[in-house]
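Chemist: One structure follows; several queries about it will come next.
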Amino acid sequence: MSGLKIVADANMRGVEAVFSQYGSVELVEGRNLRRGQLEGADVLLVRSVTSVDSSLLQGTGVQFVGTATSGLEHVDQHYLQTQGVRFAHARGSNANAVVEYVLAGIAACDDYLERLLAGGVLGIVGQGHVGRALARCARQLGIQLRCYDPWLDAVEDAAELDEVLGVDVLCLHPELTRQKPWPSYHLLDAARLGQLPADSLLINASRGAVVDNAALLERLAAAPGQRCVMDVWEHEPHLLPGLLEQVDIGTPHIAGHSLDAKLEGTRMLGAALATAFDLVPPESQLAGPPVASLQAPENLQGADLLRWLLQARYEIRADDRALRDAVAGAPGSEVAAAFDALRRDYPQRRELRGSPVYAPAAPAAWASALGYREPASGEG
Ligand SMILES: NC(=O)c1ccc[n+]([C@@H]2O[C@H](COP(=O)([O-])OP(=O)(O)OC[C@H]3O[C@@H](n4cnc5c(N)ncnc54)[C@H](O)[C@@H]3O)[C@@H](O)[C@H]2O)c1
Ligand SMILES: O=C(O)[C@H](O)[C@H](O)COP(=O)(O)O
């Protein structure tokens with residue numbers, strides 16, 4: 001079956017290259033997608049900003065929904081199932097991008113990188129694609145870990161939540177769920193925020209509502225030594241007034257937005273559509289342009305060298321500045337549009353993983369931890 005009508009979020013990299021072999025591709029703005037725009041559509045491809053449920057799909061002919069994301073709470077999967085609509089997601093496509101974001105955040109905040117390399121402890125909540133990838137990388141860097149994911153039977157470096165809250169750097173990577181007995185919604189409420197060591201770093205790159213944002217604002221006011229990196233916000237694209245000013249680094253939900261991750265998400269959906277409709281696999285290989293090799297400064301070693309490597313491809317402070325500049329002085333009603341615009345027009349970011357890097361002073365384990373490689377001879 002081909003000649004499909006495919007409606008896709010315009011912010012899905014490579015979507016025309018992959019999907020035009022299966023039919024016509026119409027690009028739409030995902031945040032405000034309405035049922036009327038799905039007239040005649042067979043396939044709907046979304047990102048996290050589109051709620052996919054009966055109010056969007058009822059009465060349409062959509063037979064396949066794909067989301068180029070890991071988080072799935074914007075999709076009513078039960079409704080899709082009852083309607084016989086096939087569903088695909090892109091879990092794992094952006095895991096490494098988030099890992100690189102988290103490490104860049106740690107490296108950019110005070111001396112947390114030094115603390116972790118000197119025996120400090122990294123806590124990870126959630127051991128799915130992102131949490132496991134972060135744990136694997138941290139182990140290879142020699143960092144001590146405490147991991148918590150009560151939904152899984154086997155977790156390496158497992159610890160109870162109370163112990164995980166007591167670490168130097170706490171990273172949140174659960175999916176957003178209200179399901180009992182272990183909901184992640186408001187997992188960090190006022191009481192649990194109060195359990196964090198007063199000089200610890202909290203990083204949330206999962207979903208905003210995993211942390212009670214009002215309680216976080218109070219915590220940051222009451223514990224001036226508490227550091228915080230926030231990529232996701234409760235009720236985004238709206239921000240709780242005053243919260244951005246209190247966090248050390250704030251970004252507009254772009255932790256997973258490397259070009260490499262976006263292309264991989266599109267590729268995964270193309271492969272899933274081909275399987276669902278028994279079509280030939282996508283022809284497009286969807287690789288980003290080659291990246292120039294990196295050469296580490298010879299005078300750097302230890303944490304300074306690692307910090308250089310972590311920031312060579314991704315400057316997290318630039319994303320923080322862009323968000324602050326965009327919302328500074330903007331009336332509340334314009335903050336959401338500014339937040340969405342930053343995501344829509346996000347600059348091309350490449351991953352360190354797969355990059356050619358010349359860093360002879362780096363321990364061999366770092367290359368496998370971070371996934372970079374030695375440049376081939378003559379590679380520029
Ligand atoms: N900021 C970004 O750009 C970005 C990028 C990718 C993913 N995400 C978010 O991060 C989440 C994790 O991504 P992933 O790819 O690892 O998803 P995943 O589905 O592979 O893993 C989610 C994990 O969370 C665990 N979990 C659920 N409730 C929990 C709880 N109460 N406590 C601890 N663990 C719990 C699950 O058991 C699962 O192992 C996604 O669901 C998505 O919402 C954000
Ligand atoms: O869940 C995910 O995979 C990420 O949060 C994803 O990057 C969300 O970004 P969006 O789809 O809205 O661009």
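If you're wondering about the labels, chains in the structure tokens are A, B, ... by order shown, residues count from 1 in each chain, ligands from 1 in order shown.
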May I have a table of the residues of chain A lying at most 10 Å from ligand 2, giving each one's closest pair of atoms and their distance in Å to one decimal, counting only C-alpha atoms and all ligand atoms, ordered by chain and ascending residue number, as CSV?
Modeler:
residue,atom,partner,partner_atom_place_in_ligand_line,distance
A:Asp9,CA,ligand 2,11 (O),9.3
A:Asn11,CA,ligand 2,13 (O),7.1
A:Met12,CA,ligand 2,13 (O),7.9
A:Gly30,CA,ligand 2,12 (O),8.8
A:Arg31,CA,ligand 2,12 (O),8.9
A:Val46,CA,ligand 2,11 (O),7.4
A:Arg47,CA,ligand 2,11 (O),3.6
A:Ser48,CA,ligand 2,12 (O),3.9
A:Val49,CA,ligand 2,12 (O),5.0
A:Thr50,CA,ligand 2,12 (O),8.2
A:Thr67,CA,ligand 2,11 (O),7.6
A:Ala68,CA,ligand 2,11 (O),6.2
A:Thr69,CA,ligand 2,3 (O),3.3
A:Ser70,CA,ligand 2,3 (O),3.5
A:Gly71,CA,ligand 2,1 (O),3.5
A:Leu72,CA,ligand 2,1 (O),6.7
A:Glu73,CA,ligand 2,1 (O),8.7
A:His74,CA,ligand 2,1 (O),9.5
A:His89,CA,ligand 2,3 (O),8.9
A:Ala90,CA,ligand 2,3 (O),7.2
A:Arg91,CA,ligand 2,3 (O),6.7
A:Gly92,CA,ligand 2,3 (O),8.1
A:Ser93,CA,ligand 2,3 (O),7.7
A:Asn94,CA,ligand 2,3 (O),6.3
A:Ala95,CA,ligand 2,3 (O),8.2
A:Ala97,CA,ligand 2,7 (O),9.3
A:Val98,CA,ligand 2,7 (O),8.8
A:Val130,CA,ligand 2,3 (O),9.8
A:Glu175,CA,ligand 2,1 (O),8.3
A:Leu176,CA,ligand 2,1 (O),9.7
A:Ala205,CA,ligand 2,5 (O),7.9
A:Ser206,CA,ligand 2,5 (O),6.8
A:Arg207,CA,ligand 2,5 (O),7.2
A:Asp231,CA,ligand 2,5 (O),9.4
A:Val232,CA,ligand 2,5 (O),8.3
A:Pro252,CA,ligand 2,9 (O),9.6
A:His253,CA,ligand 2,9 (O),6.6
A:Ile254,CA,ligand 2,7 (O),6.3
A:Ala255,CA,ligand 2,7 (O),6.9
A:Gly256,CA,ligand 2,7 (O),4.6
A:His257,CA,ligand 2,7 (O),5.7
A:Ser258,CA,ligand 2,7 (O),9.0
A:Ala261,CA,ligand 2,7 (O),8.5
A:Lys262,CA,ligand 2,7 (O),8.0
A:Gly265,CA,ligand 2,3 (O),8.7
A:Asp340,CA,ligand 2,12 (O),9.1
A:Arg343,CA,ligand 2,13 (O),7.0
A:Arg344,CA,ligand 2,13 (O),7.9
A:Tyr346,CA,ligand 2,13 (O),9.9
Chemist: Using only C-alpha atoms, pick whichever of A:Leu269, A:Val247, A:Ser368, A:Leu57 has the shortest atom-to-atom distance to Ala138 in chain A.
Modeler: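 Among the listed residues, A:Ser368 lies closest to Ala138 in chain A.
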Chemist: Could you tell me which of A:Gln77, A:Arg146, A:Leu201, A:Leu38 comes closest to Val52 in chain A if we count only C-alpha atoms?
Modeler: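 Ranked by minimum distance to Val52 in chain A, first place goes to A:Gln77.
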Chemist: Calculated over only C-alpha atoms, which of the candidates A:Val121, A:Val85, A:Leu279, A:Ala369 has the smallest distance to Leu134 in chain A?
Modeler: A:Ala369
Chemist: Go ahead and compute the interatomic distance for CA of Ser184 in chain A and CA of Gln58 in chain A, in Å to one decimal.
Modeler: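 Between these atoms lies a distance of 29.9 Å.
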Chemist: So which residues of range 113-255 of chain A fall under alpha helix (DSSP H) by DSSP, listed as a VMD selection string?
Modeler: chain A and resid 113 to 117 129 to 140 161 to 164 190 to 193 213 to 222 243 to 246
Chemist: Taking into account only C-alpha atoms and all ligand atoms, which residue in the set A:Glu351, A:Glu218, A:Asp212, A:Asp149 is nearest to ligand 1?
Modeler: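 For ligand 1, the nearest of the given residues is A:Asp149.
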Chemist: As a PyMOL selection string, please: every residue in range 32-232 of chain A that DSSP puts in strand (DSSP E or B).
Modeler: chain A and resi 43-46+52+64-67+75+86-88+121-125+144-148+158+169-172+188+201-204+211+227-230
Chemist: Store the residues picked out above, limited to N, CA and C atoms, as a short mmCIF file (atom, residue, chain, number, x, y, z; two decimals), in the first residue's frame.
Modeler:
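As written to disk, again39.cif reads:
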data_model
loop_
_atom_site.label_atom_id
_atom_site.label_comp_id
_atom_site.auth_asym_id
_atom_site.auth_seq_id
_atom_site.Cartn_x
_atom_site.Cartn_y
_atom_site.Cartn_z
N VAL A 43 -1.98 8.74 7.91
CA VAL A 43 -0.86 8.63 8.86
C VAL A 43 -0.67 9.97 9.56
N LEU A 44 -0.48 9.91 10.88
CA LEU A 44 -0.21 11.13 11.65
C LEU A 44 1.11 10.95 12.39
N LEU A 45 2.03 11.90 12.19
CA LEU A 45 3.34 11.85 12.86
C LEU A 45 3.47 13.08 13.75
N VAL A 46 3.68 12.86 15.04
CA VAL A 46 3.67 13.98 15.99
C VAL A 46 4.94 14.02 16.83
N VAL A 52 -2.77 13.38 21.34
CA VAL A 52 -3.43 12.49 20.38
C VAL A 52 -4.46 11.66 21.14
N PHE A 64 -2.53 5.06 11.36
CA PHE A 64 -1.20 4.87 11.96
C PHE A 64 -0.79 6.19 12.62
N VAL A 65 -0.38 6.10 13.87
CA VAL A 65 0.15 7.28 14.58
C VAL A 65 1.57 6.97 15.01
N GLY A 66 2.48 7.89 14.72
CA GLY A 66 3.86 7.73 15.20
C GLY A 66 4.26 8.97 15.96
N THR A 67 4.94 8.79 17.07
CA THR A 67 5.47 9.94 17.80
C THR A 67 6.99 9.82 17.84
N VAL A 75 -0.09 10.72 24.22
CA VAL A 75 -0.84 9.83 23.32
C VAL A 75 -1.75 8.93 24.14
N ARG A 86 -2.70 1.73 14.45
CA ARG A 86 -1.37 1.25 14.83
C ARG A 86 -0.53 2.40 15.37
N PHE A 87 0.39 2.06 16.26
CA PHE A 87 1.12 3.10 16.99
C PHE A 87 2.61 2.76 17.05
N ALA A 88 3.45 3.78 16.84
CA ALA A 88 4.90 3.59 16.97
C ALA A 88 5.50 4.78 17.71
N VAL A 121 28.78 10.85 44.56
CA VAL A 121 27.80 9.87 44.07
C VAL A 121 26.76 10.54 43.17
N LEU A 122 26.49 9.85 42.05
CA LEU A 122 25.46 10.28 41.11
C LEU A 122 24.23 9.41 41.33
N GLY A 123 23.08 10.04 41.50
CA GLY A 123 21.83 9.28 41.66
C GLY A 123 21.00 9.39 40.39
N ILE A 124 20.39 8.28 39.99
CA ILE A 124 19.55 8.31 38.78
C ILE A 124 18.19 7.70 39.11
N VAL A 125 17.15 8.48 38.89
CA VAL A 125 15.78 7.99 39.06
C VAL A 125 15.26 7.63 37.68
N GLN A 144 30.60 6.75 41.05
CA GLN A 144 29.73 5.89 41.88
C GLN A 144 28.28 6.20 41.61
N LEU A 145 27.45 5.17 41.69
CA LEU A 145 26.04 5.33 41.29
C LEU A 145 25.06 4.79 42.34
N ARG A 146 23.89 5.43 42.39
CA ARG A 146 22.73 4.85 43.09
C ARG A 146 21.55 5.03 42.15
N CYS A 147 20.93 3.91 41.78
CA CYS A 147 19.85 3.97 40.78
C CYS A 147 18.54 3.47 41.37
N TYR A 148 17.44 4.12 40.94
CA TYR A 148 16.11 3.77 41.48
C TYR A 148 15.11 3.64 40.35
N ALA A 158 21.32 -0.67 42.34
CA ALA A 158 20.00 -0.28 42.84
C ALA A 158 20.07 0.24 44.28
N VAL A 169 24.76 14.50 43.11
CA VAL A 169 24.07 14.97 41.90
C VAL A 169 22.92 14.00 41.62
N LEU A 170 21.70 14.54 41.54
CA LEU A 170 20.52 13.70 41.33
C LEU A 170 19.91 14.00 39.96
N CYS A 171 19.80 12.96 39.12
CA CYS A 171 19.26 13.14 37.76
C CYS A 171 17.92 12.41 37.65
N LEU A 172 16.93 13.09 37.13
CA LEU A 172 15.58 12.51 37.03
C LEU A 172 15.30 12.07 35.60
N LEU A 188 9.16 14.31 43.26
CA LEU A 188 9.87 15.23 44.13
C LEU A 188 8.89 16.32 44.58
N LEU A 201 23.22 18.97 43.57
CA LEU A 201 22.75 19.46 42.26
C LEU A 201 21.59 18.57 41.81
N LEU A 202 20.48 19.20 41.44
CA LEU A 202 19.31 18.47 40.93
C LEU A 202 19.16 18.77 39.45
N ILE A 203 19.02 17.71 38.64
CA ILE A 203 18.85 17.90 37.19
C ILE A 203 17.56 17.21 36.76
N ASN A 204 16.66 17.97 36.14
CA ASN A 204 15.45 17.34 35.60
C ASN A 204 15.38 17.53 34.09
N VAL A 211 8.63 16.95 39.15
CA VAL A 211 8.97 17.80 40.30
C VAL A 211 7.82 18.79 40.52
N ARG A 227 21.73 23.57 44.00
CA ARG A 227 21.89 23.92 42.58
C ARG A 227 20.86 23.14 41.77
N CYS A 228 20.50 23.71 40.60
CA CYS A 228 19.43 23.09 39.83
C CYS A 228 19.57 23.36 38.34
N VAL A 229 19.47 22.30 37.54
CA VAL A 229 19.45 22.41 36.07
C VAL A 229 18.08 21.88 35.63
N MET A 230 17.33 22.73 34.92
CA MET A 230 15.97 22.34 34.51
C MET A 230 15.82 22.45 33.00
#
Chemist: Have a look at A:Arg373, A:Cys109, A:Ser54, A:Ser293 and name the one nearest to Thr82 in chain A; count only C-alpha atoms.
Modeler: A:Ser54
Chemist: Just to confirm, what's the straight-line distance from atom 16 (O, counted along the ligand's line) of ligand 1 to CA of Thr177 in chain A in Å (one decimal)?
Modeler: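 Computing the Euclidean distance for atom 16 (O, counted along the ligand's line) of ligand 1 and CA of Thr177 in chain A yields 12.9 Å.
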Chemist: Find the residues near Asp325 in chain A: any atom within 12 Å, counting only C-alpha atoms, skip ones fewer than 3 places away on the same chain, and give them as a ChimeraX atom specification.
Modeler: /A:244-245,250-252,318-322,328-330,335,338-339,342
Chemist: Give me, as a PyMOL selection string, all polymer residues having an atom no more than 12 Å from Lys5 in chain A, counting only C-alpha atoms and skipping those fewer than 4 positions away in the same chain.
Modeler: chain A and resi 1+19-27+37-45+61-64
Chemist: Excluding Pro290 in chain A and its own-chain neighbours fewer than 4 positions away, which residues fall within 10 Å of it when counting only C-alpha atoms? Please give them as a PyMOL selection string.
Modeler: chain A and resi 350+355-356
Chemist: Would you save the residues of that selection, restricted to N, CA, C and O atoms, as an mmCIF file, in the first residue's frame?
Modeler:
data_model
loop_
_atom_site.group_PDB
_atom_site.id
_atom_site.type_symbol
_atom_site.label_atom_id
_atom_site.label_comp_id
_atom_site.auth_asym_id
_atom_site.auth_seq_id
_atom_site.Cartn_x
_atom_site.Cartn_y
_atom_site.Cartn_z
ATOM 1 N N ARG A 350 25.180 18.817 17.267
ATOM 2 C CA ARG A 350 25.668 17.474 16.963
ATOM 3 C C ARG A 350 26.169 16.805 18.237
ATOM 4 O O ARG A 350 26.615 17.472 19.175
ATOM 5 N N SER A 355 31.928 11.364 17.099
ATOM 6 C CA SER A 355 32.806 12.427 16.599
ATOM 7 C C SER A 355 34.259 11.969 16.609
ATOM 8 O O SER A 355 34.689 11.268 17.534
ATOM 9 N N PRO A 356 35.046 12.421 15.608
ATOM 10 C CA PRO A 356 36.485 12.174 15.676
ATOM 11 C C PRO A 356 37.140 13.143 16.651
ATOM 12 O O PRO A 356 36.951 14.353 16.543
#
Chemist: So, with only C-alpha atoms as the atoms that count, which of A:Ala341, A:Cys137, A:Gly142, A:Gly126 lies closest to Leu161 in chain A?
Modeler: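 That would be A:Gly126, the residue with the smallest distance to Leu161 in chain A.
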Chemist: Please indicate the distance in Å from CA of Gly194 in chain A to CA of Glu156 in chain A, rounded to one decimal place.
Modeler: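 The value is 26.3 Å.
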Chemist: Excluding range 301-310 of chain A and residues on its chain fewer than 5 positions from it, collect all residues at most 12 Å away from it, counting only C-alpha atoms, and give them as a ChimeraX atom specification.
Modeler: /A:97,99-118,141,293-296,315-316,351-353,355-363,365-367,369-372
Chemist: Write out as a PyMOL selection string the residues lying within 10 Å of Gln285 in chain A, counting only C-alpha atoms and excluding same-chain residues fewer than 3 positions away.
Modeler: chain A and resi 14+17-18+263-264+267+282+288
